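Shown below: upload_22.pdb, with PDB, C-alpha atoms.
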ATOM      1  CA  MET A   1    -162.937  51.341 163.603
ATOM      2  CA  ARG A   2    -160.514  48.956 161.942
ATOM      3  CA  ALA A   3    -159.078  45.953 163.773
ATOM      4  CA  ILE A   4    -155.300  46.192 164.182
ATOM      5  CA  TRP A   5    -154.783  42.646 165.490
ATOM      6  CA  LYS A   6    -156.656  39.346 165.543
ATOM      7  CA  GLY A   7    -155.974  36.398 167.776
ATOM      8  CA  ALA A   8    -157.275  34.561 170.806
ATOM      9  CA  LEU A   9    -157.472  35.341 174.486
ATOM     10  CA  THR A  10    -156.511  32.206 176.417
ATOM     11  CA  PHE A  11    -156.713  31.281 180.097
ATOM     12  CA  GLY A  12    -156.531  27.665 181.158
ATOM     13  CA  LEU A  13    -158.388  25.655 178.537
ATOM     14  CA  VAL A  14    -160.670  28.557 177.645
ATOM     15  CA  ASN A  15    -160.043  30.149 174.255
ATOM     16  CA  VAL A  16    -161.759  33.439 173.332
ATOM     17  CA  PRO A  17    -161.227  34.617 169.719
ATOM     18  CA  VAL A  18    -160.979  38.425 169.669
ATOM     19  CA  LYS A  19    -160.276  41.424 167.459
ATOM     20  CA  VAL A  20    -158.221  44.312 168.842
ATOM     21  CA  TYR A  21    -159.041  47.965 168.164
ATOM     22  CA  ALA A  22    -157.296  51.154 169.284
ATOM     23  CA  ALA A  23    -159.516  52.662 172.000
ATOM     24  CA  THR A  24    -158.290  56.247 171.668
ATOM     25  CA  GLU A  25    -157.445  58.697 168.897
ATOM     26  CA  ASP A  26    -155.604  61.995 168.583
ATOM     27  CA  HIS A  27    -157.735  65.075 167.897
ATOM     28  CA  ASP A  28    -154.874  67.525 167.357
ATOM     29  CA  VAL A  29    -154.947  69.781 164.302
ATOM     30  CA  SER A  30    -152.396  68.506 161.798
ATOM     31  CA  LEU A  31    -149.767  71.114 160.906
ATOM     32  CA  HIS A  32    -146.880  71.097 158.423
ATOM     33  CA  GLN A  33    -143.535  72.844 158.504
ATOM     34  CA  VAL A  34    -143.059  75.481 155.788
ATOM     35  CA  HIS A  35    -140.279  77.882 154.783
ATOM     36  CA  ASN A  36    -141.144  81.281 156.325
ATOM     37  CA  LYS A  37    -139.665  83.042 153.281
ATOM     38  CA  ASP A  38    -141.843  81.573 150.543
ATOM     39  CA  GLY A  39    -144.244  79.119 152.252
ATOM     40  CA  GLY A  40    -142.661  76.066 150.604
ATOM     41  CA  ARG A  41    -143.275  72.732 152.303
ATOM     42  CA  ILE A  42    -140.365  71.339 154.315
ATOM     43  CA  ARG A  43    -139.950  67.607 153.734
ATOM     44  CA  TYR A  44    -137.690  65.040 155.327
ATOM     45  CA  GLN A  45    -136.259  62.071 153.512
ATOM     46  CA  ARG A  46    -134.325  58.948 154.470
ATOM     47  CA  ILE A  47    -130.874  59.588 153.061
ATOM     48  CA  CYS A  48    -128.130  56.933 153.047
ATOM     49  CA  GLU A  49    -124.937  58.361 154.561
ATOM     50  CA  ILE A  50    -122.752  56.325 152.205
ATOM     51  CA  ASP A  51    -124.192  56.964 148.741
ATOM     52  CA  GLY A  52    -126.393  59.983 149.521
ATOM     53  CA  GLU A  53    -129.436  58.372 147.892
ATOM     54  CA  VAL A  54    -133.031  58.469 149.134
ATOM     55  CA  VAL A  55    -133.853  54.995 150.493
ATOM     56  CA  PRO A  56    -137.375  53.518 150.167
ATOM     57  CA  TYR A  57    -138.784  52.240 153.448
ATOM     58  CA  ALA A  58    -138.949  48.705 152.003
ATOM     59  CA  ASP A  59    -135.143  48.718 151.699
ATOM     60  CA  ILE A  60    -134.463  49.717 155.296
ATOM     61  CA  ASP A  61    -133.314  47.233 157.956
ATOM     62  CA  ARG A  62    -132.601  47.762 161.651
ATOM     63  CA  ALA A  63    -129.221  47.743 163.350
ATOM     64  CA  TYR A  64    -127.788  47.646 166.855
ATOM     65  CA  ASP A  65    -124.529  49.429 167.672
ATOM     66  CA  ASP A  66    -122.734  48.631 170.941
ATOM     67  CA  GLY A  67    -120.140  51.318 170.359
ATOM     68  CA  GLU A  68    -117.598  49.034 168.690
ATOM     69  CA  ARG A  69    -119.612  46.712 166.480
ATOM     70  CA  THR A  70    -122.826  46.960 164.496
ATOM     71  CA  VAL A  71    -125.263  44.098 164.026
ATOM     72  CA  VAL A  72    -127.817  44.395 161.212
ATOM     73  CA  LEU A  73    -131.228  42.821 161.852
ATOM     74  CA  THR A  74    -133.295  42.119 158.746
ATOM     75  CA  LYS A  75    -137.080  41.922 158.612
ATOM     76  CA  GLU A  76    -136.720  38.145 158.365
ATOM     77  CA  ASP A  77    -134.642  38.137 161.565
ATOM     78  CA  ILE A  78    -137.303  40.072 163.449
ATOM     79  CA  GLU A  79    -140.154  37.935 162.134
ATOM     80  CA  SER A  80    -138.322  34.753 163.143
ATOM     81  CA  LEU A  81    -138.643  35.595 166.839
ATOM     82  CA  PRO A  82    -141.112  33.156 168.484
ATOM     83  CA  ALA A  83    -142.895  35.892 170.424
ATOM     84  CA  GLU A  84    -143.635  37.853 167.258
ATOM     85  CA  ARG A  85    -145.296  34.871 165.601
ATOM     86  CA  SER A  86    -147.682  34.265 168.518
ATOM     87  CA  ARG A  87    -151.331  35.168 167.941
ATOM     88  CA  GLU A  88    -152.433  34.604 171.505
ATOM     89  CA  ILE A  89    -153.094  36.861 174.471
ATOM     90  CA  ASP A  90    -152.061  34.652 177.364
ATOM     91  CA  VAL A  91    -153.489  35.297 180.816
ATOM     92  CA  VAL A  92    -150.657  35.027 183.340
ATOM     93  CA  GLU A  93    -152.587  35.731 186.534
ATOM     94  CA  PHE A  94    -155.637  37.474 187.993
ATOM     95  CA  VAL A  95    -154.798  40.195 190.523
ATOM     96  CA  PRO A  96    -156.849  42.526 192.759
ATOM     97  CA  SER A  97    -157.667  45.580 190.638
ATOM     98  CA  ASP A  98    -156.507  48.026 193.313
ATOM     99  CA  GLN A  99    -152.955  46.637 193.144
ATOM    100  CA  LEU A 100    -152.331  48.216 189.737
ATOM    101  CA  ASP A 101    -150.620  51.578 190.003
ATOM    102  CA  PRO A 102    -151.934  53.915 187.248
ATOM    103  CA  ILE A 103    -148.341  54.979 186.515
ATOM    104  CA  LEU A 104    -147.929  51.609 184.766
ATOM    105  CA  PHE A 105    -150.798  52.192 182.313
ATOM    106  CA  ASP A 106    -150.007  52.899 178.667
ATOM    107  CA  ASN A 107    -152.167  52.495 175.534
ATOM    108  CA  ALA A 108    -155.721  51.156 175.649
ATOM    109  CA  TYR A 109    -157.363  48.755 173.178
ATOM    110  CA  TYR A 110    -160.912  47.437 172.850
ATOM    111  CA  LEU A 111    -161.464  43.719 172.433
ATOM    112  CA  GLU A 112    -164.358  42.527 170.282
ATOM    113  CA  PRO A 113    -165.481  38.868 170.327
ATOM    114  CA  ASP A 114    -164.570  37.219 167.023
ATOM    115  CA  SER A 115    -166.714  34.106 167.071
ATOM    116  CA  ALA A 116    -170.273  33.021 166.309
ATOM    117  CA  SER A 117    -171.123  33.023 170.017
ATOM    118  CA  PRO A 118    -169.793  35.650 172.482
ATOM    119  CA  LYS A 119    -170.564  33.427 175.496
ATOM    120  CA  ALA A 120    -166.937  32.860 176.546
ATOM    121  CA  TYR A 121    -166.250  36.584 176.144
ATOM    122  CA  VAL A 122    -169.232  37.583 178.296
ATOM    123  CA  LEU A 123    -168.368  34.928 180.867
ATOM    124  CA  LEU A 124    -164.864  36.327 181.302
ATOM    125  CA  ARG A 125    -166.171  39.886 181.506
ATOM    126  CA  ARG A 126    -168.713  39.036 184.191
ATOM    127  CA  THR A 127    -166.159  37.001 186.132
ATOM    128  CA  LEU A 128    -163.774  39.957 186.236
ATOM    129  CA  GLU A 129    -166.600  42.237 187.376
ATOM    130  CA  GLU A 130    -167.842  39.989 190.160
ATOM    131  CA  THR A 131    -164.410  39.074 191.509
ATOM    132  CA  ASP A 132    -163.056  42.646 191.199
ATOM    133  CA  ARG A 133    -159.962  41.201 189.565
ATOM    134  CA  THR A 134    -157.843  42.330 186.617
ATOM    135  CA  ALA A 135    -156.164  39.829 184.322
ATOM    136  CA  ILE A 136    -152.451  40.313 183.662
ATOM    137  CA  VAL A 137    -151.669  39.121 180.149
ATOM    138  CA  ARG A 138    -148.741  38.828 177.742
ATOM    139  CA  PHE A 139    -148.959  39.153 173.974
ATOM    140  CA  SER A 140    -147.010  40.392 170.971
ATOM    141  CA  LEU A 141    -147.948  43.502 169.022
ATOM    142  CA  ARG A 142    -145.930  45.384 166.401
ATOM    143  CA  GLN A 143    -142.731  43.437 166.955
ATOM    144  CA  LYS A 144    -142.771  43.874 170.716
ATOM    145  CA  THR A 145    -143.722  41.622 173.603
ATOM    146  CA  ARG A 146    -146.275  43.451 175.710
ATOM    147  CA  LEU A 147    -147.476  43.136 179.277
ATOM    148  CA  ALA A 148    -151.045  44.318 179.696
ATOM    149  CA  ALA A 149    -153.993  44.550 182.042
ATOM    150  CA  LEU A 150    -157.278  43.073 180.850
ATOM    151  CA  ARG A 151    -160.142  44.889 182.531
ATOM    152  CA  VAL A 152    -163.806  45.752 182.062
ATOM    153  CA  HIS A 153    -165.028  49.032 180.582
ATOM    154  CA  GLY A 154    -168.809  49.098 180.418
ATOM    155  CA  ASP A 155    -169.775  46.022 178.385
ATOM    156  CA  VAL A 156    -166.394  45.755 176.690
ATOM    157  CA  LEU A 157    -163.114  44.114 177.653
ATOM    158  CA  VAL A 158    -160.243  46.573 177.471
ATOM    159  CA  LEU A 159    -156.609  45.635 177.014
ATOM    160  CA  GLN A 160    -154.385  48.294 178.591
ATOM    161  CA  THR A 161    -150.698  47.846 177.910
ATOM    162  CA  LEU A 162    -148.433  48.209 180.933
ATOM    163  CA  ARG A 163    -144.946  49.583 181.201
ATOM    164  CA  TRP A 164    -142.344  47.095 182.387
ATOM    165  CA  ALA A 165    -141.135  47.612 185.948
ATOM    166  CA  ASP A 166    -137.703  48.827 184.845
ATOM    167  CA  GLU A 167    -139.319  51.483 182.621
ATOM    168  CA  VAL A 168    -140.695  53.369 185.624
ATOM    169  CA  ARG A 169    -138.096  55.732 187.027
ATOM    170  CA  GLU A 170    -137.421  55.926 190.724
ATOM    171  CA  ALA A 171    -138.596  59.180 192.278
ATOM    172  CA  ALA A 172    -135.600  60.069 194.451
ATOM    173  CA  PHE A 173    -135.805  63.723 195.505
ATOM    174  CA  PRO A 174    -133.609  64.781 198.453
ATOM    175  CA  SER A 175    -135.970  67.652 199.279
ATOM    176  CA  LEU A 176    -138.672  65.142 200.232
ATOM    177  CA  ASP A 177    -136.347  63.550 202.799
ATOM    178  CA  GLU A 178    -136.369  66.698 204.903
ATOM    179  CA  PRO A 179    -138.797  66.651 207.862
ATOM    180  CA  VAL A 180    -141.817  68.930 207.367
ATOM    181  CA  ARG A 181    -144.175  69.982 210.152
ATOM    182  CA  ILE A 182    -147.845  70.164 209.192
ATOM    183  CA  SER A 183    -150.170  71.573 211.823
ATOM    184  CA  ALA A 184    -153.657  70.223 212.417
ATOM    185  CA  LYS A 185    -155.142  73.588 211.382
ATOM    186  CA  GLU A 186    -153.240  73.603 208.079
ATOM    187  CA  LEU A 187    -154.422  70.107 207.312
ATOM    188  CA  GLU A 188    -157.991  71.065 208.195
ATOM    189  CA  LEU A 189    -157.929  74.120 205.911
ATOM    190  CA  SER A 190    -156.376  72.104 203.104
ATOM    191  CA  ALA A 191    -159.080  69.463 203.411
ATOM    192  CA  SER A 192    -161.704  72.211 203.374
ATOM    193  CA  LEU A 193    -160.243  73.599 200.149
ATOM    194  CA  VAL A 194    -160.336  70.148 198.570
ATOM    195  CA  ASP A 195    -163.963  69.774 199.634
ATOM    196  CA  SER A 196    -164.859  73.093 197.959
ATOM    197  CA  PHE A 197    -163.556  71.711 194.646
ATOM    198  CA  ALA A 198    -165.154  68.273 195.087
ATOM    199  CA  ALA A 199    -167.148  66.962 192.123
ATOM    200  CA  ASP A 200    -167.986  63.805 190.187
ATOM    201  CA  PHE A 201    -165.605  63.565 187.250
ATOM    202  CA  ASP A 202    -167.215  63.951 183.828
ATOM    203  CA  PRO A 203    -164.612  63.875 181.005
ATOM    204  CA  ALA A 204    -167.105  65.418 178.570
ATOM    205  CA  ALA A 205    -167.222  68.575 180.691
ATOM    206  CA  PHE A 206    -163.674  69.461 179.690
ATOM    207  CA  THR A 207    -162.438  70.575 176.299
ATOM    208  CA  ASP A 208    -159.040  71.067 174.714
ATOM    209  CA  ASP A 209    -158.965  74.876 174.660
ATOM    210  CA  TYR A 210    -155.691  75.086 172.750
ATOM    211  CA  GLN A 211    -156.982  73.035 169.810
ATOM    212  CA  GLU A 212    -160.268  74.968 169.732
ATOM    213  CA  GLU A 213    -158.386  78.271 169.665
ATOM    214  CA  LEU A 214    -156.073  76.946 166.947
ATOM    215  CA  ARG A 215    -159.033  75.890 164.793
ATOM    216  CA  THR A 216    -160.664  79.303 165.348
ATOM    217  CA  LEU A 217    -157.454  81.020 164.246
ATOM    218  CA  ILE A 218    -157.212  78.852 161.111
ATOM    219  CA  ASP A 219    -160.880  79.476 160.203
ATOM    220  CA  ALA A 220    -160.419  83.238 160.689
ATOM    221  CA  LYS A 221    -157.383  83.302 158.383
ATOM    222  CA  LEU A 222    -159.290  81.299 155.754
ATOM    223  CA  GLU A 223    -162.297  83.641 155.911
ATOM    224  CA  LYS A 224    -160.085  86.704 155.473
ATOM    225  CA  GLY A 225    -158.433  85.145 152.459
ATOM    226  CA  ASP A 226    -155.152  84.869 154.312
ATOM    227  CA  ALA A 227    -154.369  81.541 152.700
ATOM    228  CA  ILE A 228    -152.243  80.190 149.904
ATOM    229  CA  ASP A 229    -152.781  77.671 147.156
ATOM    230  CA  THR A 230    -151.970  74.252 148.595
ATOM    231  CA  ALA A 231    -150.776  72.707 145.331
ATOM    232  CA  GLN A 232    -148.614  75.727 144.551
ATOM    233  CA  THR A 233    -147.148  75.843 148.051
ATOM    234  CA  PHE A 234    -146.570  72.161 148.713
ATOM    235  CA  GLY A 235    -146.121  71.120 145.123
ATOM    236  CA  GLU A 236    -147.429  68.081 143.321
ATOM    237  CA  HIS A 237    -145.435  65.504 145.237
ATOM    238  CA  ASP A 238    -144.283  62.483 143.255
ATOM    239  CA  GLU A 239    -144.315  59.509 145.609
ATOM    240  CA  ALA A 240    -142.145  57.429 143.298
ATOM    241  CA  GLU A 241    -139.366  60.016 143.405
ATOM    242  CA  ALA A 242    -139.577  60.200 147.181
ATOM    243  CA  GLY A 243    -139.006  56.502 147.737
ATOM    244  CA  GLY A 244    -142.491  55.053 147.649
ATOM    245  CA  GLY A 245    -144.214  57.906 149.461
ATOM    246  CA  GLU A 246    -142.468  57.103 152.736
ATOM    247  CA  VAL A 247    -141.322  60.682 153.409
ATOM    248  CA  ILE A 248    -141.468  61.525 157.098
ATOM    249  CA  ASP A 249    -143.085  64.797 158.176
ATOM    250  CA  LEU A 250    -141.499  65.351 161.568
ATOM    251  CA  MET A 251    -144.051  68.033 162.352
ATOM    252  CA  GLU A 252    -146.501  65.224 163.011
ATOM    253  CA  ALA A 253    -144.244  64.075 165.842
ATOM    254  CA  LEU A 254    -143.308  67.601 166.967
ATOM    255  CA  ARG A 255    -146.728  69.204 167.089
ATOM    256  CA  ALA A 256    -147.289  71.722 169.838
ATOM    257  CA  SER A 257    -147.949  70.095 173.209
ATOM    258  CA  VAL A 258    -151.596  70.268 174.061
ATOM    259  CA  GLU A 259    -152.988  71.670 177.288
ATOM    260  CA  ARG A 260    -155.538  69.074 178.327
ATOM    261  CA  SER A 261    -158.502  69.716 180.539
ATOM    262  CA  ARG A 262    -157.711  73.359 181.362
ATOM    263  CA  ALA A 263    -160.763  73.634 183.576
ATOM    264  CA  ALA A 264    -161.327  77.341 184.174
ATOM    265  CA  ARG A 265    -161.777  76.886 187.894
ATOM    266  CA  SER A 266    -159.992  80.097 188.828
ATOM    267  CA  GLY A 267    -162.491  82.944 188.920
ATOM    268  CA  SER A 268    -165.344  80.788 187.651
ATOM    269  CA  SER A 269    -167.844  78.482 189.292
ATOM    270  CA  ASP A 270    -168.467  76.637 186.048
ATOM    271  CA  PRO A 271    -165.669  74.192 185.090
ATOM    272  CA  GLY A 272    -166.842  74.262 181.490
ATOM    273  CA  GLU A 273    -166.822  78.083 181.240
ATOM    274  CA  LYS A 274    -164.082  79.371 178.971
ATOM    275  CA  LYS A 275    -161.851  82.298 179.827
ATOM    276  CA  PRO A 276    -161.622  85.229 177.392
ATOM    277  CA  ALA A 277    -159.035  84.484 174.738
ATOM    278  CA  LYS A 278    -155.748  86.273 175.264
ATOM    279  CA  LYS A 279    -154.237  88.277 172.464
ATOM    280  CA  ALA A 280    -151.805  86.055 170.647
ATOM    281  CA  PRO A 281    -148.182  87.295 170.744
ATOM    282  CA  ALA A 282    -146.503  88.139 167.478
ATOM    283  CA  ALA A 283    -145.235  84.987 165.827
ATOM    284  CA  LYS A 284    -141.506  84.515 165.865
ATOM    285  CA  LYS A 285    -139.749  83.465 162.732
ATOM    286  CA  GLU A 286    -138.690  79.876 162.884
ATOM    287  CA  ALA A 287    -135.195  79.048 161.840
ATOM    288  CA  ALA A 288    -134.891  76.709 158.908
ATOM    289  CA  PRO A 289    -134.465  73.170 160.214
ATOM    290  CA  LYS A 290    -131.081  71.632 159.891
ATOM    291  CA  LYS A 291    -130.780  68.633 157.642
ATOM    292  CA  LYS A 292    -130.083  65.535 159.651
ATOM    293  CA  SER A 293    -128.757  62.187 158.609
ATOM    294  CA  ALA A 294    -131.337  59.455 158.927
ATOM    295  CA  LYS A 295    -130.448  56.688 161.314
ATOM    296  CA  ALA A 296    -132.318  53.475 161.910
ATOM    297  CA  SER A 297    -134.016  53.588 165.279
TER     298      SER A 297
END

Mind converting the file's structure to structure tokens?
Amino acid sequence: MRAIWKGALTFGLVNVPVKVYAATEDHDVSLHQVHNKDGGRIRYQRICEIDGEVVPYADIDRAYDDGERTVVLTKEDIESLPAERSREIDVVEFVPSDQLDPILFDNAYYLEPDSASPKAYVLLRRTLEETDRTAIVRFSLRQKTRLAALRVHGDVLVLQTLRWADEVREAAFPSLDEPVRISAKELELSASLVDSFAADFDPAAFTDDYQEELRTLIDAKLEKGDAIDTAQTFGEHDEAEAGGGEVIDLMEALRASVERSRAARSGSSDPGEKKPAKKAPAAKKEAAPKKKSAKAS
């Protein structure tokens, strides 16, 4: 793993130097968009709406538009913000762990001690374990101020970013306001059904069936020779001509949604048992994507 951030975890007068690593990774098969007529690679470029030229990423600034006026924010403007320059993870408070609603959780990061002695790191970890508390911290990462929960995962401290309160939508559904009568027998039967499915959760017992089936399909097409020359299809791409190699492949962001943990409970007593693969429907031709003007996000 490669550290994505280095700084110090601070609470009171205690300073714990740490390195931050992404705790998770995406296992999806990477796919590209191609022209269904000739298999040519579809590429997306940052095009300036005024002069029609491809703009290198290094020459792109950000802008805010309120509907009437536009304010351009340069990289220097963003870097001048005090929060962005901070290299500290500041503990704001320690709260009971059961007060954190999982709906607030976002990305997870491992913290590694970055000093000759990990004593302060281990002390904080053991304190959190014995007090059953979670530290609420603030820090800056990738030009954003983050709120996060600092908790224990095995022998490692984990930083789990939290969504801000106003980012969680209110669940207001009129249908749930209607009175519903649940009989004691219905509740008893429902509880019995839950008990029949009861188990200790083991993440390793579940697999991403969609990605496995996709890899099987790709391997089968390769074995049958149903493949095309990559260089001939995608072309020898010149990064200099494409603005420093900063061409966006939107397929990376639009990859097929993955069915996670499709435990084959129905008709099987083994949660890890896989259902017979269904015959794949004939592929539909995909319309050529429309060319869009690039806008700064």

Just so the selection is clear, what residues does the PyMOL selection byres ((chain A and resi 72) around 12) cover here, as a PyMOL selection string? chain A and resi 60-66+69-71+73-78+296-297

Print the selection's residues with C-alpha atoms to a file, as a compact mmCIF listing (two decimals), in the coordinates of the input.
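So the final result, stored in result.txt, reads:
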# COMPACT_ATOMS: atom_id res chain seq x y z
CA ILE A 60 -134.46 49.72 155.30
CA ASP A 61 -133.31 47.23 157.96
CA ARG A 62 -132.60 47.76 161.65
CA ALA A 63 -129.22 47.74 163.35
CA TYR A 64 -127.79 47.65 166.86
CA ASP A 65 -124.53 49.43 167.67
CA ASP A 66 -122.73 48.63 170.94
CA ARG A 69 -119.61 46.71 166.48
CA THR A 70 -122.83 46.96 164.50
CA VAL A 71 -125.26 44.10 164.03
CA LEU A 73 -131.23 42.82 161.85
CA THR A 74 -133.29 42.12 158.75
CA LYS A 75 -137.08 41.92 158.61
CA GLU A 76 -136.72 38.15 158.36
CA ASP A 77 -134.64 38.14 161.56
CA ILE A 78 -137.30 40.07 163.45
CA ALA A 296 -132.32 53.48 161.91
CA SER A 297 -134.02 53.59 165.28

Using the chain letters and numbers from the file, which residues does the PyMOL selection byres ((chain A and resi 128) around 10) grab, as a count of residues only? 21

Would you please work out which residue, of A:Ala165, A:Ile89, A:Ala8, A:Val29, is nearest to Thr216 in chain A when using all atoms listed in the file? A:Val29

Please identify all polymer residues within 12 Å of Tyr121 in chain A, counting all atoms listed in the file, omitting same-chain residues fewer than 5 positions from it, and present them as a PyMOL selection string. chain A and resi 8-11+14-19+111-116+126-128+152+155-158

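Among the candidates A:Glu178, A:Glu188, A:Asp106, A:Asp202, the residue lying nearest to Leu147 in chain A is A:Asp106 (atoms considered: only C-alpha atoms).
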
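For the pair CA of Leu13 in chain A and CA of Val91 in chain A, the interatomic distance is 11.1 Å.
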
Which residues are close to Arg163 in chain A, i.e. within 9 Å by all atoms listed in the file, leaving aside same-chain residues fewer than 4 positions away? Reply as number ranges by chain. A: 103-106, 146-148, 167-168

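Pairwise distance (CA of Arg2 in chain A, CA of Ala23 in chain A) equals 10.8 Å.
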
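Checking A:Met1, A:Leu162, A:Ala199, A:Ile218 one by one against Thr145 in chain A, counting all atoms listed in the file, you find the shortest gap at A:Leu162.
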
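For the pair CA of Arg43 in chain A and CA of Ala58 in chain A, the separation is 19.0 Å.
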
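Of the residues listed (A:Val54, A:Leu31, A:Leu193, A:Leu81), A:Leu81 shows the shortest atom-to-atom separation from Lys144 in chain A; distances use only C-alpha atoms.
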
Residues selected by the PyMOL selection byres ((chain A and resi 46) around 6), written as a PyMOL selection string: chain A and resi 45+47+54-55+294

Got time to write the residues from that selection, C-alpha atoms, as a PDB file, keeping the file's coordinate frame?
ATOM      1  CA  GLN A  45    -136.259  62.071 153.512  1.00  0.00           C
ATOM      2  CA  ILE A  47    -130.874  59.588 153.061  1.00  0.00           C
ATOM      3  CA  VAL A  54    -133.031  58.469 149.134  1.00  0.00           C
ATOM      4  CA  VAL A  55    -133.853  54.995 150.493  1.00  0.00           C
ATOM      5  CA  ALA A 294    -131.337  59.455 158.927  1.00  0.00           C
TER       6      ALA A 294
END
